[in-house]
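One file, target_12.cif, carrying mmCIF, C-alpha atoms; chains and numbers go by the auth columns:
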```cif
data_my_file
#
loop_
_atom_site.group_PDB
_atom_site.id
_atom_site.type_symbol
_atom_site.label_atom_id
_atom_site.label_comp_id
_atom_site.label_asym_id
_atom_site.label_seq_id
_atom_site.Cartn_x
_atom_site.Cartn_y
_atom_site.Cartn_z
_atom_site.B_iso_or_equiv
_atom_site.auth_seq_id
_atom_site.auth_asym_id
ATOM 1 C CA MET A 1 149.636 6.008 13.760 0.00 1 A
ATOM 2 C CA ALA A 2 146.737 7.882 15.335 0.00 2 A
ATOM 3 C CA ALA A 3 146.524 5.328 18.155 0.00 3 A
ATOM 4 C CA VAL A 4 150.249 5.647 18.903 0.00 4 A
ATOM 5 C CA CYS A 5 150.098 9.444 18.975 0.00 5 A
ATOM 6 C CA ARG A 6 147.130 9.289 21.360 0.00 6 A
ATOM 7 C CA ALA A 7 148.702 6.666 23.622 0.00 7 A
ATOM 8 C CA LEU A 8 152.056 8.482 23.760 0.00 8 A
ATOM 9 C CA SER A 9 150.728 12.008 24.107 0.00 9 A
ATOM 10 C CA GLN A 10 153.401 12.778 26.731 0.00 10 A
ATOM 11 C CA ALA A 11 156.212 11.555 24.456 0.00 11 A
ATOM 12 C CA ARG A 12 157.578 12.771 21.147 0.00 12 A
ATOM 13 C CA VAL A 13 156.466 10.426 18.367 0.00 13 A
ATOM 14 C CA HIS A 14 158.605 10.301 15.224 0.00 14 A
ATOM 15 C CA VAL A 15 157.053 8.482 12.273 0.00 15 A
ATOM 16 C CA LEU A 16 159.053 6.557 9.680 0.00 16 A
ATOM 17 C CA ILE A 17 158.195 7.762 6.164 0.00 17 A
ATOM 18 C CA ARG A 18 159.122 4.863 3.891 0.00 18 A
ATOM 19 C CA PRO A 19 156.907 4.251 0.843 0.00 19 A
ATOM 20 C CA ARG A 20 158.398 0.862 -0.031 0.00 20 A
ATOM 21 C CA PRO A 21 161.199 -1.598 0.772 0.00 21 A
ATOM 22 C CA GLY A 22 164.405 -1.620 -1.258 0.00 22 A
ATOM 23 C CA ASP A 23 166.763 1.214 -2.102 0.00 23 A
ATOM 24 C CA PHE A 24 166.412 4.926 -1.416 0.00 24 A
ATOM 25 C CA LEU A 25 166.058 6.169 -4.993 0.00 25 A
ATOM 26 C CA TYR A 26 162.542 7.554 -5.216 0.00 26 A
ATOM 27 C CA SER A 27 160.373 8.409 -8.219 0.00 27 A
ATOM 28 C CA PRO A 28 158.278 11.596 -8.362 0.00 28 A
ATOM 29 C CA GLU A 29 155.222 9.481 -7.577 0.00 29 A
ATOM 30 C CA GLU A 30 156.886 7.968 -4.511 0.00 30 A
ATOM 31 C CA LEU A 31 158.013 11.389 -3.303 0.00 31 A
ATOM 32 C CA GLN A 32 154.410 12.552 -3.573 0.00 32 A
ATOM 33 C CA VAL A 33 153.301 9.597 -1.431 0.00 33 A
ATOM 34 C CA MET A 34 155.963 10.545 1.121 0.00 34 A
ATOM 35 C CA ARG A 35 154.774 14.153 1.150 0.00 35 A
ATOM 36 C CA GLN A 36 151.207 13.050 1.825 0.00 36 A
ATOM 37 C CA ASP A 37 152.438 10.750 4.589 0.00 37 A
ATOM 38 C CA VAL A 38 154.271 13.651 6.245 0.00 38 A
ATOM 39 C CA LEU A 39 151.121 15.772 6.111 0.00 39 A
ATOM 40 C CA HIS A 40 149.091 12.889 7.533 0.00 40 A
ATOM 41 C CA ALA A 41 151.579 12.338 10.380 0.00 41 A
ATOM 42 C CA ALA A 42 151.412 16.026 11.281 0.00 42 A
ATOM 43 C CA SER A 43 147.611 15.997 11.246 0.00 43 A
ATOM 44 C CA LEU A 44 147.586 13.131 13.762 0.00 44 A
ATOM 45 C CA GLY A 45 149.869 14.866 16.239 0.00 45 A
ATOM 46 C CA ALA A 46 153.284 13.383 15.438 0.00 46 A
ATOM 47 C CA HIS A 47 156.234 15.478 16.571 0.00 47 A
ATOM 48 C CA GLY A 48 158.602 14.435 13.806 0.00 48 A
ATOM 49 C CA VAL A 49 159.281 12.254 10.797 0.00 49 A
ATOM 50 C CA VAL A 50 162.160 10.026 9.789 0.00 50 A
ATOM 51 C CA LEU A 51 163.083 9.772 6.119 0.00 51 A
ATOM 52 C CA GLY A 52 165.953 9.728 3.659 0.00 52 A
ATOM 53 C CA MET A 53 166.831 9.701 -0.016 0.00 53 A
ATOM 54 C CA LEU A 54 170.079 9.083 -1.892 0.00 54 A
ATOM 55 C CA THR A 55 171.557 9.760 -5.328 0.00 55 A
ATOM 56 C CA PRO A 56 172.546 6.852 -7.601 0.00 56 A
ATOM 57 C CA GLY A 57 176.192 7.706 -6.898 0.00 57 A
ATOM 58 C CA GLY A 58 175.853 7.219 -3.151 0.00 58 A
ATOM 59 C CA GLY A 59 175.323 10.761 -1.894 0.00 59 A
ATOM 60 C CA ILE A 60 172.519 12.592 -0.138 0.00 60 A
ATOM 61 C CA ASP A 61 169.897 13.693 -2.657 0.00 61 A
ATOM 62 C CA THR A 62 169.728 17.252 -1.372 0.00 62 A
ATOM 63 C CA ARG A 63 167.460 18.297 -4.256 0.00 63 A
ATOM 64 C CA GLN A 64 164.793 15.856 -3.103 0.00 64 A
ATOM 65 C CA LEU A 65 165.483 16.366 0.597 0.00 65 A
ATOM 66 C CA GLN A 66 165.242 20.156 0.739 0.00 66 A
ATOM 67 C CA PRO A 67 161.478 20.374 0.033 0.00 67 A
ATOM 68 C CA PHE A 68 160.845 17.948 2.902 0.00 68 A
ATOM 69 C CA VAL A 69 162.984 20.044 5.246 0.00 69 A
ATOM 70 C CA GLU A 70 160.939 23.101 4.295 0.00 70 A
ATOM 71 C CA LEU A 71 157.643 21.218 4.629 0.00 71 A
ATOM 72 C CA CYS A 72 158.559 19.906 8.068 0.00 72 A
ATOM 73 C CA SER A 73 159.658 23.364 9.179 0.00 73 A
ATOM 74 C CA ALA A 74 156.317 24.789 8.090 0.00 74 A
ATOM 75 C CA LEU A 75 154.451 22.024 9.943 0.00 75 A
ATOM 76 C CA GLY A 76 156.567 22.301 13.091 0.00 76 A
ATOM 77 C CA LEU A 77 157.943 18.764 12.690 0.00 77 A
ATOM 78 C CA ASP A 78 161.439 17.527 13.498 0.00 78 A
ATOM 79 C CA LEU A 79 163.121 15.787 10.560 0.00 79 A
ATOM 80 C CA THR A 80 165.531 12.917 11.147 0.00 80 A
ATOM 81 C CA PHE A 81 167.531 11.431 8.269 0.00 81 A
ATOM 82 C CA HIS A 82 167.448 7.650 8.685 0.00 82 A
ATOM 83 C CA ARG A 83 170.025 4.915 8.099 0.00 83 A
ATOM 84 C CA ALA A 84 170.120 5.461 4.362 0.00 84 A
ATOM 85 C CA PHE A 85 173.031 7.553 5.639 0.00 85 A
ATOM 86 C CA ASP A 86 174.926 4.306 6.263 0.00 86 A
ATOM 87 C CA LEU A 87 174.891 3.532 2.524 0.00 87 A
ATOM 88 C CA VAL A 88 176.594 6.726 1.330 0.00 88 A
ATOM 89 C CA LYS A 89 180.044 6.753 -0.258 0.00 89 A
ATOM 90 C CA ASP A 90 181.515 9.364 2.104 0.00 90 A
ATOM 91 C CA GLN A 91 179.798 9.910 5.456 0.00 91 A
ATOM 92 C CA ARG A 92 181.722 13.067 6.276 0.00 92 A
ATOM 93 C CA VAL A 93 180.609 14.732 3.035 0.00 93 A
ATOM 94 C CA ALA A 94 177.071 13.422 3.573 0.00 94 A
ATOM 95 C CA LEU A 95 176.977 14.799 7.119 0.00 95 A
ATOM 96 C CA ASN A 96 177.914 18.258 5.905 0.00 96 A
ATOM 97 C CA ASP A 97 175.268 18.018 3.177 0.00 97 A
ATOM 98 C CA LEU A 98 172.650 17.288 5.846 0.00 98 A
ATOM 99 C CA VAL A 99 173.856 20.248 7.905 0.00 99 A
ATOM 100 C CA ALA A 100 173.586 22.476 4.831 0.00 100 A
ATOM 101 C CA CYS A 101 169.981 21.275 4.365 0.00 101 A
ATOM 102 C CA ARG A 102 169.271 22.137 8.030 0.00 102 A
ATOM 103 C CA VAL A 103 168.558 18.558 9.103 0.00 103 A
ATOM 104 C CA ARG A 104 168.814 18.397 12.897 0.00 104 A
ATOM 105 C CA ARG A 105 169.363 14.652 13.412 0.00 105 A
ATOM 106 C CA VAL A 106 170.797 11.644 11.562 0.00 106 A
ATOM 107 C CA LEU A 107 170.492 7.994 12.545 0.00 107 A
ATOM 108 C CA SER A 108 173.605 5.911 11.899 0.00 108 A
ATOM 109 C CA SER A 109 175.553 2.776 12.759 0.00 109 A
ATOM 110 C CA GLY A 110 178.749 4.396 11.524 0.00 110 A
ATOM 111 C CA GLY A 111 178.472 2.844 8.076 0.00 111 A
ATOM 112 C CA GLN A 112 178.729 -0.693 9.446 0.00 112 A
ATOM 113 C CA GLN A 113 176.188 -3.417 10.128 0.00 113 A
ATOM 114 C CA THR A 114 176.020 -2.623 13.849 0.00 114 A
ATOM 115 C CA VAL A 115 176.861 0.269 16.141 0.00 115 A
ATOM 116 C CA MET A 116 179.628 -1.734 17.798 0.00 116 A
ATOM 117 C CA GLU A 117 181.328 -2.367 14.447 0.00 117 A
ATOM 118 C CA GLY A 118 180.962 1.298 13.502 0.00 118 A
ATOM 119 C CA LEU A 119 181.726 2.747 16.945 0.00 119 A
ATOM 120 C CA SER A 120 184.965 4.481 15.976 0.00 120 A
ATOM 121 C CA ALA A 121 183.317 6.096 12.949 0.00 121 A
ATOM 122 C CA LEU A 122 180.354 7.126 15.080 0.00 122 A
ATOM 123 C CA ALA A 123 182.634 8.920 17.515 0.00 123 A
ATOM 124 C CA GLN A 124 184.199 10.824 14.612 0.00 124 A
ATOM 125 C CA LEU A 125 180.758 11.705 13.215 0.00 125 A
ATOM 126 C CA VAL A 126 179.509 12.941 16.584 0.00 126 A
ATOM 127 C CA ALA A 127 182.594 15.143 16.913 0.00 127 A
ATOM 128 C CA GLU A 128 182.235 16.388 13.339 0.00 128 A
ATOM 129 C CA GLY A 129 178.556 17.160 13.811 0.00 129 A
ATOM 130 C CA GLY A 130 179.133 19.004 17.079 0.00 130 A
ATOM 131 C CA SER A 131 176.264 21.353 17.848 0.00 131 A
ATOM 132 C CA ARG A 132 175.286 21.509 14.179 0.00 132 A
ATOM 133 C CA ILE A 133 173.550 18.117 13.984 0.00 133 A
ATOM 134 C CA SER A 134 172.848 15.249 16.364 0.00 134 A
ATOM 135 C CA VAL A 135 174.296 11.899 15.311 0.00 135 A
ATOM 136 C CA MET A 136 172.070 9.220 16.889 0.00 136 A
ATOM 137 C CA PRO A 137 173.642 5.745 17.084 0.00 137 A
ATOM 138 C CA GLY A 138 171.268 2.966 16.070 0.00 138 A
ATOM 139 C CA GLY A 139 171.470 -0.500 14.570 0.00 139 A
ATOM 140 C CA GLY A 140 172.306 -3.423 16.817 0.00 140 A
ATOM 141 C CA LEU A 141 171.987 -1.303 19.942 0.00 141 A
ATOM 142 C CA THR A 142 171.250 -3.490 22.973 0.00 142 A
ATOM 143 C CA GLU A 143 170.828 -3.223 26.707 0.00 143 A
ATOM 144 C CA GLU A 144 174.284 -4.757 27.015 0.00 144 A
ATOM 145 C CA ASN A 145 176.156 -2.306 24.767 0.00 145 A
ATOM 146 C CA VAL A 146 174.205 0.947 25.096 0.00 146 A
ATOM 147 C CA ALA A 147 176.384 2.431 27.846 0.00 147 A
ATOM 148 C CA THR A 148 179.557 1.670 25.892 0.00 148 A
ATOM 149 C CA VAL A 149 178.121 3.187 22.706 0.00 149 A
ATOM 150 C CA ALA A 150 177.026 6.342 24.518 0.00 150 A
ATOM 151 C CA ARG A 151 180.315 6.754 26.375 0.00 151 A
ATOM 152 C CA VAL A 152 182.664 6.075 23.445 0.00 152 A
ATOM 153 C CA SER A 153 180.698 7.948 20.782 0.00 153 A
ATOM 154 C CA GLY A 154 179.871 10.963 22.922 0.00 154 A
ATOM 155 C CA CYS A 155 176.336 11.029 21.507 0.00 155 A
ATOM 156 C CA SER A 156 173.441 12.810 23.208 0.00 156 A
ATOM 157 C CA GLU A 157 170.700 10.352 22.179 0.00 157 A
ATOM 158 C CA VAL A 158 170.378 6.761 20.954 0.00 158 A
ATOM 159 C CA HIS A 159 167.945 4.654 18.957 0.00 159 A
ATOM 160 C CA GLY A 160 167.166 1.082 19.927 0.00 160 A
ATOM 161 C CA THR A 161 164.452 -1.535 19.668 0.00 161 A
ATOM 162 C CA PHE A 162 164.040 -3.119 23.067 0.00 162 A
ATOM 163 C CA LYS A 163 161.557 -5.951 22.678 0.00 163 A
ATOM 164 C CA ARG A 164 160.445 -9.181 24.251 0.00 164 A
ATOM 165 C CA GLN A 165 158.655 -12.006 22.479 0.00 165 A
ATOM 166 C CA VAL A 166 155.090 -12.857 23.434 0.00 166 A
ATOM 167 C CA PRO A 167 153.891 -16.320 22.381 0.00 167 A
ATOM 168 C CA SER A 168 150.756 -16.620 20.279 0.00 168 A
ATOM 169 C CA ALA A 169 147.532 -17.616 22.041 0.00 169 A
ATOM 170 C CA MET A 170 146.601 -19.814 19.084 0.00 170 A
ATOM 171 C CA GLU A 171 145.816 -23.343 20.207 0.00 171 A
ATOM 172 C CA TYR A 172 145.520 -24.830 16.724 0.00 172 A
ATOM 173 C CA ARG A 173 148.693 -24.238 14.708 0.00 173 A
ATOM 174 C CA HIS A 174 148.671 -25.141 11.023 0.00 174 A
ATOM 175 C CA THR A 175 152.419 -25.361 10.439 0.00 175 A
ATOM 176 C CA ALA A 176 152.248 -26.290 6.745 0.00 176 A
ATOM 177 C CA VAL A 177 151.768 -22.596 5.921 0.00 177 A
ATOM 178 C CA SER A 178 154.080 -19.770 6.966 0.00 178 A
ATOM 179 C CA PHE A 179 154.041 -16.068 6.157 0.00 179 A
ATOM 180 C CA GLY A 180 157.821 -15.688 6.318 0.00 180 A
ATOM 181 C CA VAL A 181 158.027 -14.586 9.938 0.00 181 A
ATOM 182 C CA ASP A 182 157.527 -16.233 13.304 0.00 182 A
ATOM 183 C CA ASP A 183 153.802 -16.900 13.081 0.00 183 A
ATOM 184 C CA TRP A 184 153.560 -18.070 16.681 0.00 184 A
ATOM 185 C CA SER A 185 155.004 -15.126 18.581 0.00 185 A
ATOM 186 C CA ARG A 186 155.214 -11.352 18.294 0.00 186 A
ATOM 187 C CA GLY A 187 157.559 -8.711 19.573 0.00 187 A
ATOM 188 C CA VAL A 188 156.325 -6.080 22.018 0.00 188 A
ATOM 189 C CA THR A 189 158.193 -3.213 23.645 0.00 189 A
ATOM 190 C CA ASP A 190 159.915 -4.352 26.822 0.00 190 A
ATOM 191 C CA THR A 191 159.200 -1.418 29.140 0.00 191 A
ATOM 192 C CA ALA A 192 161.439 -2.812 31.885 0.00 192 A
ATOM 193 C CA ALA A 193 164.363 -2.985 29.458 0.00 193 A
ATOM 194 C CA VAL A 194 163.689 0.593 28.339 0.00 194 A
ATOM 195 C CA GLN A 195 163.807 1.769 31.963 0.00 195 A
ATOM 196 C CA ARG A 196 167.079 -0.089 32.547 0.00 196 A
ATOM 197 C CA VAL A 197 168.589 1.471 29.417 0.00 197 A
ATOM 198 C CA LYS A 198 167.498 4.939 30.540 0.00 198 A
ATOM 199 C CA ALA A 199 169.149 4.358 33.906 0.00 199 A
ATOM 200 C CA GLN A 200 172.399 3.322 32.209 0.00 200 A
ATOM 201 C CA LEU A 201 172.363 6.386 29.974 0.00 201 A
ATOM 202 C CA ALA A 202 171.745 8.656 32.957 0.00 202 A
ATOM 203 C CA GLN A 203 174.904 7.278 34.562 0.00 203 A
ATOM 204 C CA VAL A 204 176.911 8.050 31.421 0.00 204 A
ATOM 205 C CA ASP A 205 175.435 11.530 31.024 0.00 205 A
ATOM 206 C CA GLY A 206 172.817 12.974 33.364 0.00 206 A
ATOM 207 C CA THR A 207 171.241 14.981 30.552 0.00 207 A
ATOM 208 C CA MET A 208 170.430 11.899 28.459 0.00 208 A
ATOM 209 C CA GLU A 209 166.965 10.375 28.492 0.00 209 A
#
```

Could you write out this file's structure as structure tokens?
Amino acid sequence: MAAVCRALSQARVHVLIRPRPGDFLYSPEELQVMRQDVLHAASLGAHGVVLGMLTPGGGIDTRQLQPFVELCSALGLDLTFHRAFDLVKDQRVALNDLVACRVRRVLSSGGQQTVMEGLSALAQLVAEGGSRISVMPGGGLTEENVATVARVSGCSEVHGTFKRQVPSAMEYRHTAVSFGVDDWSRGVTDTAAVQRVKAQLAQVDGTME
């Protein structure tokens, strides 16, 4: 985290605060871990954090969220609510709950697996959020569909993972053992793809970066 903040000192780094895989129902102990992670991110120069928590019934857990909003405000951090938002029962109600908690951004695929499947819902969410909250499309966003998503949804920012695979330099490859991922390549940010995406977004809306 420290290395990323140093390397991207001219950018705004937002750190994912996620204490474990699985659902978004957190224990007091896990919330304490998340709090410490937020403090640590701030100490290293991050500009924001990305987190989220839900109720068992599929709503935003505003009781748990509000202290993090206040903590981030005190630390000067942006707070983005992540794609836990796509698991809520009613996204319109959830969006208004986030506005009431003073969250400035929410990441969403429109409640579907990908942004293209949820594009109609995303457009409605962007309109509903208006100037109160930014709805950032993310989830299955690609170089091929980013312009369509931006144009149809009317969003002001997007979230995507633009990567290319780099093959491993290992000469000896013991294939009898695997760690559950592609052991012989790794994904790295494709800077050329990022530049092409930025150019497409600028054509849709000159204010978008």

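With only C-alpha atoms as the atoms that count, the residue of A:Gly180, A:Gly160, A:Pro28, A:Pro19 with the shortest distance to Ala193 of chain A is A:Gly160.
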
Any idea what's packed within 10 Å of segment 34-49 of chain A, counting only C-alpha atoms, ignoring anything in its chain fewer than 2 positions away? Could you give it as a PyMOL selection string? chain A and resi 1-6+8-9+11-19+26+28-32+51+67-68+71-72+75-82

Show me the residues close to (154.8, -18.3, 17.5) - anything with an atom within 10 Å, counting all atoms listed in the file - and format the list as a ChimeraX atom specification. /A:165-170,173,181-186

What's the 7 Å shell around segment 103-114 of chain A, counting all atoms listed in the file, without same-chain residues fewer than 2 positions away, as a ChimeraX atom specification? /A:69,79-83,85-87,98-99,101,116-119,121-122,133-140

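Between Leu95 of chain A and the residues A:Leu141, A:Ile60, A:Ala202, A:Leu65, the shortest atom-to-atom distance, using all atoms listed in the file, involves A:Ile60.
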
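In this comparison, which uses only C-alpha atoms, the residue of A:Val50, A:Asp205, A:Lys163, A:Tyr172 approaching Arg151 of chain A most closely is A:Asp205.
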
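When atom CA of Val146 of chain A is paired with atom CA of Thr161 of chain A, their separation reads 11.4 Å.
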
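Atom CA of Gln64 of chain A to atom CA of Gln91 of chain A spans 18.3 Å [interatomic distance, one decimal].
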
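When all atoms listed in the file are used to compute distances to Arg92 of chain A, the closest of the residues A:Glu171, A:Glu128, A:Asp23, A:Asp61 turns out to be A:Glu128.
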
One decimal, Å: what's the distance from atom CA of Gly59 of chain A over to atom CA of Asp90 of chain A, could you say? 7.5 Å

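Closest to Val197 of chain A among A:Thr142, A:Ser27, A:Gln124, A:Asn96 is A:Thr142, based on only C-alpha atoms.
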
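Checking A:Glu70, A:Asp190, A:Asp97, A:Glu143 one by one against Leu54 of chain A, counting all atoms listed in the file, you find the shortest gap at A:Asp97.
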
Need the shell around Ala84 of chain A: protein/DNA/RNA residues with any atom at most 8 Å away, counting all atoms listed in the file. Skip same-chain ones fewer than 4 positions apart. Format as a PyMOL selection string? chain A and resi 24+52-54+88

Evaluate the PyMOL selection byres ((chain A and resi 152) around 8) here and jot the selected residues down as a PDB file with C-alpha atoms, keeping the file's coordinate frame.
```pdb
ATOM      1  CA  LEU A 119     181.726   2.747  16.945  1.00  0.00           C
ATOM      2  CA  SER A 120     184.965   4.481  15.976  1.00  0.00           C
ATOM      3  CA  ALA A 123     182.634   8.920  17.515  1.00  0.00           C
ATOM      4  CA  THR A 148     179.557   1.670  25.892  1.00  0.00           C
ATOM      5  CA  VAL A 149     178.121   3.187  22.706  1.00  0.00           C
ATOM      6  CA  ALA A 150     177.026   6.342  24.518  1.00  0.00           C
ATOM      7  CA  ARG A 151     180.315   6.754  26.375  1.00  0.00           C
ATOM      8  CA  SER A 153     180.698   7.948  20.782  1.00  0.00           C
ATOM      9  CA  GLY A 154     179.871  10.963  22.922  1.00  0.00           C
TER      10      GLY A 154
END
```
